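Peer 1: Below you'll find query_31.txt; it's compact mmCIF, C-alpha atoms and all ligand atoms.
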# COMPACT_ATOMS: atom_id res chain seq x y z
CA MET A 312 -18.15 11.21 -83.58
CA PRO A 313 -20.32 11.45 -86.68
CA ALA A 314 -19.81 14.58 -88.83
CA GLU A 315 -22.21 17.45 -88.20
CA LEU A 316 -25.52 16.94 -89.97
CA LEU A 317 -28.34 19.43 -90.22
CA PHE A 318 -32.02 18.54 -90.76
CA SER A 319 -34.96 20.91 -91.06
CA GLY A 320 -38.36 21.12 -92.68
CA VAL A 321 -41.34 23.33 -93.41
CA LYS A 322 -44.97 22.20 -93.49
CA PRO A 323 -46.74 22.82 -96.80
CA THR A 324 -49.70 24.50 -95.15
CA SER A 325 -49.46 27.81 -97.03
CA THR A 326 -47.48 29.85 -99.51
CA PRO A 327 -44.36 30.99 -97.64
CA HIS A 328 -44.27 34.59 -96.37
CA LEU A 329 -41.54 37.05 -95.49
CA GLY A 330 -41.53 35.87 -91.84
CA ASN A 331 -40.81 32.27 -92.92
CA TYR A 332 -38.10 33.49 -95.25
CA ILE A 333 -36.26 35.81 -92.85
CA GLY A 334 -36.96 33.68 -89.75
CA ALA A 335 -36.08 30.28 -91.17
CA LEU A 336 -35.29 29.72 -94.84
CA LYS A 337 -32.69 32.47 -95.29
CA GLN A 338 -30.55 30.93 -92.53
CA TRP A 339 -30.59 27.59 -94.24
CA VAL A 340 -28.96 29.17 -97.28
CA GLU A 341 -26.04 30.23 -95.07
CA LEU A 342 -25.96 27.02 -93.01
CA GLN A 343 -25.70 24.77 -96.07
CA HIS A 344 -22.08 25.86 -96.44
CA ARG A 345 -21.20 24.72 -92.92
CA TYR A 346 -23.13 21.47 -92.58
CA ARG A 347 -24.12 18.48 -94.60
CA SER A 348 -27.81 19.27 -94.80
CA ILE A 349 -31.14 17.64 -95.41
CA PHE A 350 -34.15 19.84 -96.16
CA CYS A 351 -37.55 18.23 -96.12
CA ILE A 352 -41.07 19.29 -97.07
CA VAL A 353 -42.97 17.78 -94.16
CA ASP A 354 -46.32 16.97 -95.74
CA LEU A 355 -47.22 14.26 -93.20
CA HIS A 356 -47.06 17.00 -90.56
CA ALA A 357 -49.27 19.29 -92.64
CA ILE A 358 -52.17 16.80 -92.60
CA THR A 359 -52.37 16.91 -88.80
CA VAL A 360 -54.87 19.69 -89.53
CA PRO A 361 -57.37 19.24 -92.40
CA GLN A 362 -56.01 20.14 -95.86
CA ASP A 363 -57.54 20.30 -99.30
CA PRO A 364 -55.87 17.36 -101.17
CA LYS A 365 -55.31 19.22 -104.43
CA GLN A 366 -53.89 22.29 -102.72
CA MET A 367 -51.72 20.09 -100.52
CA LEU A 368 -49.77 18.72 -103.45
CA GLU A 369 -49.53 22.13 -105.13
CA ARG A 370 -48.15 23.69 -101.97
CA THR A 371 -45.75 20.81 -101.41
CA LEU A 372 -44.25 21.45 -104.84
CA GLU A 373 -44.31 25.20 -104.26
CA ILE A 374 -42.28 24.84 -101.05
CA ALA A 375 -39.85 22.52 -102.84
CA ALA A 376 -39.48 25.09 -105.65
CA THR A 377 -38.97 27.79 -103.02
CA TYR A 378 -36.11 25.81 -101.45
CA LEU A 379 -34.34 25.83 -104.82
CA ALA A 380 -35.32 29.42 -105.68
CA ILE A 381 -33.79 30.84 -102.50
CA GLY A 382 -30.52 29.10 -103.29
CA LEU A 383 -30.44 25.73 -101.50
CA ASP A 384 -28.09 23.70 -103.65
CA PRO A 385 -29.45 20.25 -104.51
CA LYS A 386 -25.92 19.07 -105.33
CA ARG A 387 -24.68 19.69 -101.78
CA ASN A 388 -27.92 18.92 -99.90
CA ILE A 389 -30.67 16.37 -99.88
CA ILE A 390 -34.07 17.91 -100.66
CA PHE A 391 -37.10 15.62 -100.48
CA ILE A 392 -40.77 15.15 -99.64
CA GLN A 393 -41.37 13.45 -96.29
CA SER A 394 -44.24 11.16 -97.36
CA GLU A 395 -42.13 9.71 -100.19
CA VAL A 396 -39.80 8.10 -97.64
CA HIS A 397 -42.11 5.75 -95.74
CA GLU A 398 -39.47 5.13 -93.06
CA HIS A 399 -40.53 8.42 -91.41
CA ALA A 400 -44.04 7.18 -90.69
CA GLU A 401 -42.74 3.79 -89.60
CA LEU A 402 -40.18 5.13 -87.14
CA GLY A 403 -42.74 7.72 -86.00
CA TRP A 404 -45.00 4.85 -84.93
CA ILE A 405 -42.22 3.09 -83.03
CA LEU A 406 -41.20 6.29 -81.23
CA GLY A 407 -44.85 6.97 -80.43
CA THR A 408 -44.76 3.85 -78.26
CA LEU A 409 -41.93 5.32 -76.18
CA VAL A 410 -43.11 8.88 -75.65
CA LYS A 411 -45.42 9.44 -72.67
CA MET A 412 -48.92 10.92 -72.85
CA SER A 413 -47.88 13.36 -70.14
CA GLU A 414 -44.95 14.57 -72.27
CA LEU A 415 -47.16 15.13 -75.31
CA GLU A 416 -49.74 16.88 -73.15
CA ARG A 417 -47.16 19.49 -72.20
CA MET A 418 -46.48 20.58 -75.80
CA THR A 419 -47.64 24.18 -76.19
CA GLN A 420 -48.18 23.89 -79.95
CA TYR A 421 -50.66 21.06 -79.35
CA LYS A 422 -52.32 22.86 -76.45
CA ASP A 423 -52.74 26.07 -78.50
CA LYS A 424 -54.10 24.33 -81.57
CA ALA A 425 -56.34 21.96 -79.60
CA LYS A 426 -57.75 24.84 -77.55
CA ALA A 427 -58.48 26.88 -80.69
CA LYS A 428 -60.55 23.94 -82.02
CA GLY A 429 -62.28 23.16 -78.72
CA GLU A 430 -60.24 19.93 -78.34
CA ASN A 431 -61.95 18.56 -81.46
CA VAL A 432 -58.71 17.70 -83.26
CA GLY A 433 -57.23 14.56 -84.79
CA ALA A 434 -54.95 12.30 -82.75
CA GLY A 435 -52.17 12.96 -85.26
CA LEU A 436 -51.84 16.48 -83.92
CA PHE A 437 -51.22 15.06 -80.44
CA ASN A 438 -48.64 12.54 -81.67
CA TYR A 439 -46.95 15.09 -84.00
CA PRO A 440 -43.73 15.20 -81.91
CA SER A 441 -43.12 11.44 -82.40
CA LEU A 442 -43.07 11.97 -86.16
CA MET A 443 -40.86 15.04 -85.86
CA ALA A 444 -38.47 13.01 -83.69
CA ALA A 445 -38.41 10.32 -86.39
CA ASP A 446 -37.57 12.93 -89.07
CA ILE A 447 -34.61 14.10 -87.06
CA LEU A 448 -33.33 10.80 -85.63
CA LEU A 449 -33.39 8.78 -88.87
CA TYR A 450 -30.41 10.73 -90.22
CA ASP A 451 -28.12 10.95 -87.16
CA THR A 452 -28.86 14.67 -87.17
CA THR A 453 -26.71 16.82 -84.90
CA ALA A 454 -28.26 20.26 -85.53
CA VAL A 455 -31.88 21.30 -86.08
CA PRO A 456 -32.39 24.93 -87.11
CA VAL A 457 -35.88 25.98 -85.98
CA GLY A 458 -37.82 28.98 -84.75
CA GLU A 459 -38.24 29.43 -81.01
CA ASP A 460 -41.69 27.86 -81.17
CA GLN A 461 -40.18 24.50 -82.18
CA MET A 462 -37.52 24.24 -79.48
CA GLN A 463 -39.83 22.30 -77.19
CA HIS A 464 -40.29 19.65 -79.88
CA VAL A 465 -36.54 19.30 -80.37
CA GLU A 466 -36.14 18.99 -76.58
CA LEU A 467 -38.67 16.13 -76.58
CA THR A 468 -36.80 14.54 -79.52
CA ARG A 469 -33.69 14.50 -77.32
CA THR A 470 -35.62 12.82 -74.51
CA ILE A 471 -37.01 10.19 -76.89
CA ALA A 472 -33.54 9.50 -78.36
CA ARG A 473 -32.02 9.03 -74.92
CA ARG A 474 -34.88 6.80 -73.79
CA PHE A 475 -34.51 4.58 -76.86
CA ASN A 476 -30.73 4.37 -76.36
CA THR A 477 -31.15 3.40 -72.70
CA THR A 478 -33.84 0.83 -73.43
CA PHE A 479 -32.48 -0.80 -76.58
CA GLY A 480 -28.80 0.18 -76.75
CA GLU A 481 -26.96 3.15 -78.28
CA THR A 482 -28.78 3.81 -81.58
CA PHE A 483 -29.57 7.49 -82.03
CA VAL A 484 -27.48 10.65 -82.01
CA VAL A 485 -28.95 13.19 -79.57
CA PRO A 486 -29.48 16.38 -81.65
CA GLN A 487 -29.38 20.05 -80.70
CA SER A 488 -31.60 22.90 -81.83
CA LEU A 489 -30.10 25.90 -83.54
CA VAL A 490 -32.02 29.14 -83.00
CA GLN A 491 -30.93 32.39 -84.62
CA LYS A 492 -30.91 35.81 -82.96
CA VAL A 493 -31.96 38.76 -85.17
CA GLY A 494 -35.15 38.27 -87.17
CA ALA A 495 -36.37 35.25 -85.20
CA ARG A 496 -39.72 37.06 -85.07
CA ILE A 497 -40.89 39.23 -87.95
CA MET A 498 -44.03 41.02 -86.86
CA SER A 499 -47.27 41.85 -88.68
CA LEU A 500 -47.14 45.05 -90.75
CA GLN A 501 -50.50 46.01 -89.29
CA ASP A 502 -49.86 45.17 -85.64
CA PRO A 503 -46.25 45.01 -84.43
CA THR A 504 -47.27 43.08 -81.30
CA LYS A 505 -48.37 40.08 -83.41
CA LYS A 506 -46.16 37.69 -85.41
CA MET A 507 -46.38 38.00 -89.19
CA SER A 508 -48.51 35.01 -90.10
CA LYS A 509 -50.19 33.35 -93.06
CA SER A 510 -53.53 33.35 -91.26
CA ASP A 511 -53.79 37.06 -90.43
CA GLU A 512 -57.27 38.52 -91.08
CA SER A 513 -55.70 41.56 -92.72
CA ALA A 514 -54.20 40.87 -96.14
CA LEU A 515 -52.00 43.93 -95.62
CA ALA A 516 -50.28 42.39 -92.58
CA THR A 517 -48.23 39.75 -94.37
CA ILE A 518 -45.94 39.90 -97.40
CA MET A 519 -46.11 36.64 -99.30
CA LEU A 520 -42.95 35.56 -101.11
CA ASN A 521 -44.83 35.60 -104.41
CA ASP A 522 -46.46 39.04 -103.98
CA ALA A 523 -46.06 41.21 -107.08
CA PRO A 524 -43.82 44.32 -106.69
CA ASP A 525 -46.81 46.68 -106.57
CA VAL A 526 -48.50 44.59 -103.90
CA ILE A 527 -45.30 44.70 -101.82
CA ARG A 528 -45.08 48.50 -102.27
CA LYS A 529 -48.71 48.93 -101.23
CA LYS A 530 -48.37 46.73 -98.14
CA ILE A 531 -45.25 48.54 -96.98
CA SER A 532 -46.65 52.01 -97.65
CA ARG A 533 -49.71 51.12 -95.54
CA ALA A 534 -47.67 49.51 -92.74
CA VAL A 535 -48.46 51.01 -89.34
CA THR A 536 -45.79 53.21 -87.75
CA ASP A 537 -45.30 54.37 -84.17
CA SER A 538 -46.54 57.69 -82.88
CA GLY A 539 -43.81 60.29 -82.80
CA THR A 540 -41.20 60.52 -85.48
CA GLY A 541 -37.70 59.31 -86.01
CA ILE A 542 -36.33 56.16 -87.50
CA SER A 543 -34.50 54.47 -84.68
CA TYR A 544 -34.47 50.93 -83.34
CA ASP A 545 -36.20 50.35 -80.00
CA ALA A 546 -38.31 47.21 -79.98
CA ILE A 547 -40.22 48.29 -76.85
CA GLU A 548 -40.80 52.00 -77.54
CA HIS A 549 -41.07 51.84 -81.35
CA PRO A 550 -42.03 48.25 -82.20
CA ALA A 551 -43.40 49.06 -85.66
CA ILE A 552 -40.36 50.96 -86.92
CA SER A 553 -38.05 48.41 -85.30
CA ASN A 554 -39.78 45.63 -87.24
CA LEU A 555 -39.39 47.58 -90.49
CA LEU A 556 -35.72 48.22 -89.67
CA THR A 557 -35.20 44.49 -89.07
CA ILE A 558 -36.73 43.72 -92.48
CA PHE A 559 -34.57 46.45 -94.07
CA HIS A 560 -31.48 44.91 -92.47
CA HIS A 561 -32.29 41.47 -93.84
CA ALA A 562 -33.19 42.79 -97.30
CA THR A 563 -29.96 44.78 -97.73
CA GLY A 564 -27.46 43.18 -95.34
CA LYS A 565 -26.76 46.67 -93.92
CA PRO A 566 -26.34 46.95 -90.15
CA ILE A 567 -29.34 48.59 -88.46
CA LYS A 568 -27.16 51.49 -87.21
CA GLU A 569 -26.16 52.34 -90.77
CA ILE A 570 -29.81 52.40 -91.88
CA GLU A 571 -30.71 54.68 -88.94
CA ASP A 572 -27.91 57.09 -89.96
CA GLU A 573 -28.99 57.04 -93.59
CA PHE A 574 -32.53 58.09 -92.66
CA ALA A 575 -31.72 60.46 -89.78
CA GLY A 576 -34.01 63.50 -90.09
CA LYS A 577 -35.99 61.95 -92.95
CA GLY A 578 -39.69 61.07 -92.89
CA TYR A 579 -41.46 57.72 -92.70
CA ALA A 580 -42.64 58.00 -96.32
CA GLU A 581 -39.13 58.18 -97.71
CA PHE A 582 -37.99 55.34 -95.44
CA LYS A 583 -40.88 53.11 -96.47
CA GLN A 584 -40.28 53.79 -100.14
CA ALA A 585 -36.65 52.70 -99.82
CA LEU A 586 -37.67 49.67 -97.77
CA ALA A 587 -40.23 48.61 -100.38
CA GLU A 588 -37.62 48.80 -103.13
CA ALA A 589 -35.17 46.79 -101.01
CA VAL A 590 -37.76 44.05 -100.39
CA VAL A 591 -38.74 44.00 -104.08
CA GLU A 592 -35.06 43.67 -104.98
CA MET A 593 -34.59 40.81 -102.51
CA LEU A 594 -37.66 38.91 -103.70
CA THR A 595 -37.56 39.49 -107.47
CA PRO A 596 -34.78 36.98 -108.23
CA ILE A 597 -36.54 34.42 -106.04
CA GLN A 598 -39.83 35.02 -107.84
CA ASN A 599 -38.18 34.74 -111.24
CA LYS A 600 -36.72 31.38 -110.29
CA LEU A 601 -40.06 30.21 -108.89
CA ASN A 602 -41.72 31.07 -112.20
CA GLU A 603 -39.08 29.14 -114.10
CA PHE A 604 -39.78 26.04 -112.01
CA LYS A 605 -43.51 26.50 -112.54
CA GLN A 606 -43.13 26.72 -116.30
CA ASP A 607 -40.71 23.83 -116.52
CA PRO A 608 -41.03 21.51 -113.53
CA GLY A 609 -38.62 18.91 -114.99
CA GLU A 610 -35.60 19.99 -112.97
CA LEU A 611 -37.59 20.18 -109.75
CA MET A 612 -38.93 16.65 -110.27
CA LYS A 613 -35.42 15.38 -110.84
CA VAL A 614 -34.16 17.01 -107.64
CA LEU A 615 -37.04 15.51 -105.66
CA ASP A 616 -36.51 12.04 -107.18
CA GLU A 617 -32.82 12.09 -106.34
CA GLY A 618 -33.47 13.54 -102.90
CA ARG A 619 -36.02 10.82 -102.14
CA ASP A 620 -33.59 8.07 -103.19
CA LYS A 621 -30.68 9.46 -101.17
CA ALA A 622 -32.81 10.08 -98.09
CA GLN A 623 -34.35 6.63 -98.33
CA GLU A 624 -31.00 4.91 -98.46
CA ILE A 625 -29.96 6.50 -95.16
CA ALA A 626 -33.38 6.14 -93.54
CA ALA A 627 -33.80 2.48 -94.51
CA ALA A 628 -30.41 1.53 -93.03
CA LYS A 629 -31.28 3.25 -89.76
CA LEU A 630 -34.77 1.80 -89.56
CA LYS A 631 -33.36 -1.70 -90.12
CA ILE A 632 -31.13 -1.31 -87.05
CA VAL A 633 -34.04 0.08 -85.02
CA LYS A 634 -36.31 -2.81 -85.93
CA GLU A 635 -33.65 -5.35 -85.06
CA ARG A 636 -33.07 -3.72 -81.68
CA VAL A 637 -36.79 -3.63 -80.92
CA GLY A 638 -37.34 -7.20 -82.17
CA LEU A 639 -39.59 -6.39 -85.10
CA GLY A 640 -39.71 -8.63 -88.16
CA ARG A 641 -37.45 -11.49 -89.19
CA VAL A 642 -33.83 -10.51 -89.58
P1 LIG B 701 -44.79 27.75 -90.06
O1 LIG B 701 -45.25 28.49 -91.26
O2 LIG B 701 -45.44 28.22 -88.78
O3 LIG B 701 -44.79 26.25 -90.24
O4 LIG B 701 -43.25 28.14 -89.87
C1 LIG B 701 -42.20 27.71 -90.69
C2 LIG B 701 -40.91 28.32 -90.16
O5 LIG B 701 -40.94 29.77 -90.26
C3 LIG B 701 -40.65 28.01 -88.67
O6 LIG B 701 -39.27 27.77 -88.45
C4 LIG B 701 -41.09 29.28 -87.95
O7 LIG B 701 -40.41 29.46 -86.73
C5 LIG B 701 -40.73 30.37 -88.98
N1 LIG B 701 -41.63 31.55 -88.87
C6 LIG B 701 -42.97 31.57 -89.07
N2 LIG B 701 -43.47 32.84 -88.89
C7 LIG B 701 -42.41 33.62 -88.56
C8 LIG B 701 -42.26 35.02 -88.26
N3 LIG B 701 -43.29 35.87 -88.27
N4 LIG B 701 -41.02 35.49 -87.97
C9 LIG B 701 -39.95 34.65 -87.99
N5 LIG B 701 -40.02 33.33 -88.26
C10 LIG B 701 -41.23 32.81 -88.55
N1 LIG B 702 -42.66 21.12 -86.67
C1 LIG B 702 -41.95 22.01 -87.57
C2 LIG B 702 -42.76 23.32 -87.75
O1 LIG B 702 -43.91 23.35 -87.45
C3 LIG B 702 -41.73 21.35 -88.91
C4 LIG B 702 -40.91 20.11 -88.79
C5 LIG B 702 -41.34 18.81 -88.92
C6 LIG B 702 -39.52 20.05 -88.54
N2 LIG B 702 -40.29 17.95 -88.79
C7 LIG B 702 -39.17 18.67 -88.54
C8 LIG B 702 -38.56 21.03 -88.33
C9 LIG B 702 -37.86 18.25 -88.30
C10 LIG B 702 -37.25 20.61 -88.09
C11 LIG B 702 -36.90 19.24 -88.07
O2 LIG B 702 -42.20 24.30 -88.22
Please go through the file and, once you have read it, give me the structure as structure tokens.
Peer 2:
Amino acid sequence: MPAELLFSGVKPTSTPHLGNYIGALKQWVELQHRYRSIFCIVDLHAITVPQDPKQMLERTLEIAATYLAIGLDPKRNIIFIQSEVHEHAELGWILGTLVKMSELERMTQYKDKAKAKGENVGAGLFNYPSLMAADILLYDTTAVPVGEDQMQHVELTRTIARRFNTTFGETFVVPQSLVQKVGARIMSLQDPTKKMSKSDESALATIMLNDAPDVIRKKISRAVTDSGTGISYDAIEHPAISNLLTIFHHATGKPIKEIEDEFAGKGYAEFKQALAEAVVEMLTPIQNKLNEFKQDPGELMKVLDEGRDKAQEIAAAKLKIVKERVGLGRV
């Protein structure tokens, strides 16, 4: 049995927001102590929808800096940019010859995005799961921490791995997804029935990780609340307050019950003020680190160079085996 290995990635399609942080990145910081981990900035996935080239590279580096700023340790983990390890694209192609059209057609992420664009989307968006499978399978990954929306892709990765193993001989480890419980869905501050998202029409709906303290205070003070009073958790009856309580819990580490007790009989204004300060306190150290990396990118570049080299060593060895099994190239 290979040792447990964790692989995950974020697409550099926008500046990360509080939903990304609480829903995904914050868990990685805890998981890095339990697994050997590889964290990738999946830029080849980002270009499955049109991107501005200059912004693409800026965001790629911003996500990489965010990985370090939140506390992912480059000494324990491999941190790298997907497109710098060409083996991903190469294995993605090979796996794309094994996955069925009918399987790709069932992917809800593709269906949603294709429908939104009237089916006028690039073929890369359709074949996206082959590349994601390559990311995961190149490293003998056992665990893939993802949001609920990505479970279907990990399931298809398992199918592809098994199909390859049956066709060409035991080659890939079949990975499992790892989905967390509380905070898997942080909702919009303006509409608690919608996920907090980078593309919300209302700028007040989403807290970006690099929002200044006063912007954070303003967004939280204007957050919608439920009719009636009382600060108690009930995701069905009081979805707005429940979302704010979830954020409070993640910002302070306090159990939700303790927060409810602390604010029993107090008004929304007082609660929101305390929440805003807690979020500012959680994000300030991250923002300070991000600014350091912006002013002096040397360390970040070194981490990414080393990460690329380490990832490539593993990926190249795996791809060599794959190509031999499939009968590609001279041995
Ligand atoms: P995306 O920005 O959609 O590529 O998402 C990057 C990661 O953040 C994925 O693991 C998502 O599941 C997670 N994520 C995005 N939005 C939210 C949200 N509102 N609440 C919790 N997790 C989220
Ligand atoms: N598809 C994932 C998302 O949209 C990003 C991703 C690409 C990924 N490759 C991966 C996540 C491999 C985990 C493992 O969020």
Peer 1: Any idea what's packed within 7 Å of segment 402-405 of chain A, counting all atoms listed in the file, ignoring anything in its chain fewer than 6 positions away? Could you give it as an mmCIF file with C-alpha atoms, in the frame of the given file?
Peer 2:
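File written: out06.cif
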data_model
loop_
_atom_site.group_PDB
_atom_site.id
_atom_site.type_symbol
_atom_site.label_atom_id
_atom_site.label_comp_id
_atom_site.auth_asym_id
_atom_site.auth_seq_id
_atom_site.Cartn_x
_atom_site.Cartn_y
_atom_site.Cartn_z
ATOM 1 C CA SER A 441 -43.120 11.440 -82.400
ATOM 2 C CA LEU A 442 -43.070 11.970 -86.160
ATOM 3 C CA ALA A 445 -38.410 10.320 -86.390
ATOM 4 C CA LEU A 630 -34.770 1.800 -89.560
#
Peer 1: How far is it from atom CA of Pro566 of chain A to atom P1 of ligand LIG 701 (chain B), in Å with one decimal?
Peer 2: 26.6 Å
Peer 1: Take atom CA of Asn388 of chain A and atom CA of Ser348 of chain A and report the distance between them in Å, one decimal.
Peer 2: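 Rounded to one decimal, the two atoms are 5.1 Å apart.
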Peer 1: List as CSV every residue of chain A that is in contact with ligand LIG 702 (chain B), defined as an atom at most 6 Å from one of its atoms (using all atoms listed in the file), together with the nearest atom pair and the distance in Å rounded to one decimal, sorted by chain and then rising number.
Peer 2:
residue,atom,partner,partner_atom,distance
A:Phe318,CA,B:LIG702,C11,5.6
A:Ser319,CA,B:LIG702,C10,3.8
A:Gly320,CA,B:LIG702,C8,4.4
A:Val321,CA,B:LIG702,C3,4.9
A:Lys322,CA,B:LIG702,C3,5.7
A:Val353,CA,B:LIG702,C5,5.6
A:Met443,CA,B:LIG702,N2,4.2
A:Asp446,CA,B:LIG702,C9,5.4
A:Ile447,CA,B:LIG702,C9,5.4
A:Val455,CA,B:LIG702,C10,5.8
A:Val457,CA,B:LIG702,C10,5.9
Peer 1: Around all listed atoms of ligand LIG 701 (chain B), padded 3 Å per side, what centre and edge lengths does the axis-aligned box have in Å to one decimal, as AutoDock Vina command-line options?
Peer 2:
--center_x -42.4 --center_y 31.1 --center_z -89.0 --size_x 12.2 --size_y 15.6 --size_z 10.5
Peer 1: Restricting the calculation to all atoms listed in the file: of A:His356, A:His561, A:Arg528, A:Lys505, which residue gets closest to Phe582 of chain A?
Peer 2: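 Nearest candidate to Phe582 of chain A out of A:His356, A:His561, A:Arg528, A:Lys505: A:Arg528.
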Peer 1: What residues of the protein or nucleic acid chains come within 7 Å of ligand LIG 701 (chain B) when you use all atoms listed in the file? Reply as a list in words.
Peer 2: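 Protein and nucleic-acid residues within 7 Å of ligand LIG 701 (chain B): Val321, Lys322, Pro327, Gly330, Asn331, Tyr332, Ile333, Gly334, Ala335, Val457, Gly458, Glu459, Asp460, Gln461, Gly494, Ala495, Arg496, Ile497, Met498, Lys506, Met507 and Ser508 of chain A.
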Peer 1: With 9 Å as the threshold, what does the neighbourhood of (-41.4, 23.6, -101.0) contain in terms of residues, counting all atoms listed in the file? Coordinates are those of the file; answer as a list in words.
Peer 2: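 The residues that fall inside the cut-off are Val321, Lys322, Pro323, Thr326, Pro327, Cys351, Ile352, Arg370, Thr371, Leu372, Glu373, Ile374, Ala375, Ala376, Thr377, Tyr378, Leu379 and Ile392 of chain A.
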Peer 1: Per residue of segment 487-567 of chain A within 10 Å of segment 588-593 of chain A, what are the shortest atom pair and its distance in Å to one decimal, counting only C-alpha atoms, with rows by chain and residue number, as CSV?
Peer 2:
residue,atom,partner,partner_atom,distance
A:Ile518,CA,A:Val590,CA,9.6
A:Leu520,CA,A:Val591,CA,9.9
A:Asp522,CA,A:Val591,CA,9.2
A:Ala523,CA,A:Val591,CA,8.4
A:Pro524,CA,A:Val591,CA,5.7
A:Asp525,CA,A:Val591,CA,8.9
A:Val526,CA,A:Val591,CA,9.8
A:Ile527,CA,A:Val591,CA,7.0
A:Arg528,CA,A:Glu588,CA,7.5
A:Ile531,CA,A:Val590,CA,9.4
A:Ile558,CA,A:Val590,CA,8.0
A:Phe559,CA,A:Ala589,CA,7.0
A:His560,CA,A:Ala589,CA,9.5
A:His561,CA,A:Val590,CA,8.9
A:Ala562,CA,A:Val590,CA,5.7
A:Thr563,CA,A:Ala589,CA,6.5
Peer 1: Tell me, in Å to one decimal, how far atom CA of Gly576 of chain A is from atom CA of Asp502 of chain A.
Peer 2: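 Atom CA of Asp502 of chain A lies 24.6 Å from atom CA of Gly576 of chain A.
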Peer 1: Name the residues, using the chain letters and numbers of the file, that sit within 10 Å of (-45.1, 46.5, -81.2) when counting only C-alpha atoms, and give them as a PyMOL selection string.
Peer 2: chain A and resi 498-506+535-537+545-554
Peer 1: Might you pull out every residue within 8 Å of Pro440 of chain A, with all atoms listed in the file counted and same-chain residues fewer than 6 positions away left off, and present them as a PyMOL selection string?
Peer 2: chain A and resi 415+464+467-468
Peer 1: Emit the selected residues as a JSON list (two decimals), keeping the file's coordinate frame, including C-alpha atoms.
Peer 2:
[["chain", "number", "residue", "atom", "x", "y", "z"],
["A", 415, "LEU", "CA", -47.16, 15.13, -75.31],
["A", 464, "HIS", "CA", -40.29, 19.65, -79.88],
["A", 467, "LEU", "CA", -38.67, 16.13, -76.58],
["A", 468, "THR", "CA", -36.80, 14.54, -79.52]]
Peer 1: Under the rule that all atoms listed in the file are counted, which of A:Asp363, A:Glu573, A:Glu430, A:Glu624 is the nearest residue to Ala585 of chain A?
Peer 2: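 Of A:Asp363, A:Glu573, A:Glu430, A:Glu624, the one nearest Ala585 of chain A is A:Glu573, counting all atoms listed in the file.
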Peer 1: So that I can see what lies close to Trp339 of chain A, please list as an mmCIF file with C-alpha atoms, in the coordinates of the input the residues with an atom at most 8 Å from it, counting all atoms listed in the file and leaving out residues fewer than 4 positions away in the same chain.
Peer 2:
data_model
loop_
_atom_site.group_PDB
_atom_site.id
_atom_site.type_symbol
_atom_site.label_atom_id
_atom_site.label_comp_id
_atom_site.auth_asym_id
_atom_site.auth_seq_id
_atom_site.Cartn_x
_atom_site.Cartn_y
_atom_site.Cartn_z
ATOM 1 C CA ALA A 335 -36.080 30.280 -91.170
ATOM 2 C CA GLN A 343 -25.700 24.770 -96.070
ATOM 3 C CA LEU A 383 -30.440 25.730 -101.500
ATOM 4 C CA PRO A 456 -32.390 24.930 -87.110
#
Peer 1: Restricting the calculation to all atoms listed in the file: of A:Pro486, A:Gly541, A:Gly480, A:Gly618, which residue gets closest to Asp384 of chain A?
Peer 2: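 Counting all atoms listed in the file, the residue closest to Asp384 of chain A is A:Gly618.
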Peer 1: Quick one: residues within 8 Å of segment 621-623 of chain A, only C-alpha atoms counted, chain neighbours fewer than 5 positions away excluded, as a ChimeraX atom specification?
Peer 2: /A:389,391,396,398
